[in-house]
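Visitor: What follows is a single structure, and I will ask about it in a moment.
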Amino acid sequence: ATFERAREAAVDEAARAECCYLVGDARLRLGEHDAAGRAFEAAVALGGEFADDARYGLGWVALGRGDRAAAFEASGALLAEHPDSPFAGNARLERARCCYQERDYERARQELAPLLSLDGPLQQAARELDGLCALASGAGRAAVETLQQALLSAAPADRPRLNFALGEAMANLGRWQEALRAYEAVPDDAPPELYGDARYGACHALHELGEHARSIDAAEAVLRLTPPHRCRALAALAIAENRFALGEWAAAQAAFAALADDPTHGAAARWKLAWCRYLQGDKADAAQRFAAVAKAPGEHAEEALAMQAIALFEHGDRDAALDAADRYAARHGDGRFLDRTERVAARVLRQRGDLGAARQRLEQIGRAACRERV
């Protein structure tokens with residue numbers, strides 16, 4: 001209100017423009033974006049030394065409204081009309097952030113390029129964002145290099161975030177030991193969301209390195225976080241997968257069972273549950289579970305039908321095993337697991353004494369292999 005009264009009492013346009021800018025700045029801080037926008041636009045129209053300040057303010061107004069396209073345009077107007085403004089670097093950084101959020105990573109990196117040769121905090125922020133763009137666009141080596149450079153001069157408060165991003169870049173390249181070091185450089189007093197992301201990253205890296213017990217420890221650290229971390233379900237699945245990899249079938253079964261109804265991970269959990277039952281010797285229960293997976297659309301349906309045939313045969317239910325093998329051939333033709341199902345069929349037929357039919361089923365495997373080579 002004070003600035004608005006001063007604006008009305010201003011004796012010339014320069015003073016009026018300054019007051020308009022100050023009104024806009026005050027309204028922006030209060031979250032009153034429409035009023036702030038009108039004040040900044042008035043300051044721009046009046047021109048003078050506060051015109052670039054007001055242009056910069058219009059970009060923040062747009063961001064406050066959630067309009068990244070308008071923010072991009074407002075920052076572009078500042079750069080076009082006031083290229084030497086002290087706000088120009090920050091405006092370019094915000095344009096790059098808008099592009100990054102819109103997943104236009106190449107354009108974002110183009111915006112950042114002039115900032116990477118500067119010194120100080122602006123260069124540091126640009127390096128970090130450039131690394132994230134490279135990471136998101138699949139340019140893993142460029143991401144690693146940029147993030148490592150950013151870490152060299154990073155403030156202590158920025159290092160945990162940068163180390164996590166470096167871990168992600170290393171993981172994308174399959175450099176698991178280096179990824180693990182970066183993830184583990186995120187301290188336990190980092191913000192809980194970031195710490196949980198880093199612990200899950202370490203869990204993944206350790207699993208890939210075959211260190212399954214340590215991977216479980218990292219996943220359990222995610223589960224202990226309060227409030228519950230967004231990677232909680234992934235961490236629970238990782239514990240189950242690590243138990244499975246260690247051959248701890250009963251413990252893996254319990255862990256997978258807890259996720260069987262999860263909307264995101266339930267299908268993977270039910271598939272592994274069937275395997276846990278099979279590997280513990282309960283072929284009848286495994287066959288039922290494989291059958292359920294085979295009936296549902298999904299990446300494991302084909303193999304599940306083949307495993308149903310095998311489990312039924314090993315359980316001693318020969319007729320049902322042959323029926324499952326026939327259904328596999330009818331549904332999947334020369335599928336990836338035809339050799340498994342045709343061998344089951346051949347064994348059942350041989351036990352029945354139908355050696356000719358058994359031979360034909362084995363020959364089918366050879367013909368399918370020939371067709372695949374052609």
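The way I read the labels, and the way they are meant: chains A, B, ... in the order of the structure tokens, residue 1 as the first residue of every chain, and ligand 1 as the first ligand shown, with later ones counted on from there.
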Set the distance at 10 Å and use only C-alpha atoms: which residues neighbour A:Arg141 once local chain neighbours fewer than 6 positions away are removed? I'd like the list as a PyMOL selection string.

Guide: chain A and resi 131+134-135+147+169-170+172-173

Visitor: Write the residues of the preceding selection, restricted to N, CA and C atoms, as a compact mmCIF listing (two decimals), in the first residue's frame.

Guide:
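Now in selection_25.txt:
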# COMPACT_ATOMS: atom_id res chain seq x y z
N GLY A 131 24.19 -31.24 -16.29
CA GLY A 131 24.39 -32.65 -16.01
C GLY A 131 23.09 -33.42 -15.94
N ALA A 134 21.84 -33.91 -19.47
CA ALA A 134 22.58 -34.98 -20.13
C ALA A 134 22.13 -36.34 -19.62
N LEU A 135 21.91 -36.43 -18.31
CA LEU A 135 21.45 -37.69 -17.72
C LEU A 135 20.09 -38.08 -18.26
N LEU A 147 28.68 -33.45 -14.05
CA LEU A 147 28.40 -33.54 -12.62
C LEU A 147 29.67 -33.63 -11.79
N ALA A 169 23.84 -41.17 -12.98
CA ALA A 169 24.56 -41.17 -14.27
C ALA A 169 25.45 -42.41 -14.39
N MET A 170 26.16 -42.74 -13.32
CA MET A 170 27.00 -43.93 -13.34
C MET A 170 26.16 -45.20 -13.51
N ASN A 172 23.31 -45.47 -15.05
CA ASN A 172 22.85 -45.55 -16.44
C ASN A 172 23.92 -46.11 -17.37
N LEU A 173 25.18 -45.94 -16.99
CA LEU A 173 26.28 -46.48 -17.79
C LEU A 173 26.67 -47.89 -17.35

Visitor: Tell me, as a count of residues only, which residues lie within 9 Å of A:Trp275, counting only C-alpha atoms; anything in the same chain fewer than 5 positions away does not count.

Guide: 7

Visitor: Need to verify the contact set: A:Cys231, 12 Å, only C-alpha atoms, exclusion of same-chain residues closer than 4 positions in sequence. Can you return it as an MDAnalysis selection string?

Guide: chainID A and resid 192:201 203:204 218:225 227 235:238 264:265

Visitor: Give me the residues within 10 Å of A:Asp285 as JSON, numbers by chain, counting only C-alpha atoms and dropping any in the same chain fewer than 4 places off.

Guide: {"A": [274, 277, 278, 281, 289, 290, 291, 311, 312, 315]}

Visitor: Skipping near chain neighbours, those fewer than 4 positions away, what residues fall within 12 Å of A:Leu209 using only C-alpha atoms, listed as a count of residues only?

Guide: 17
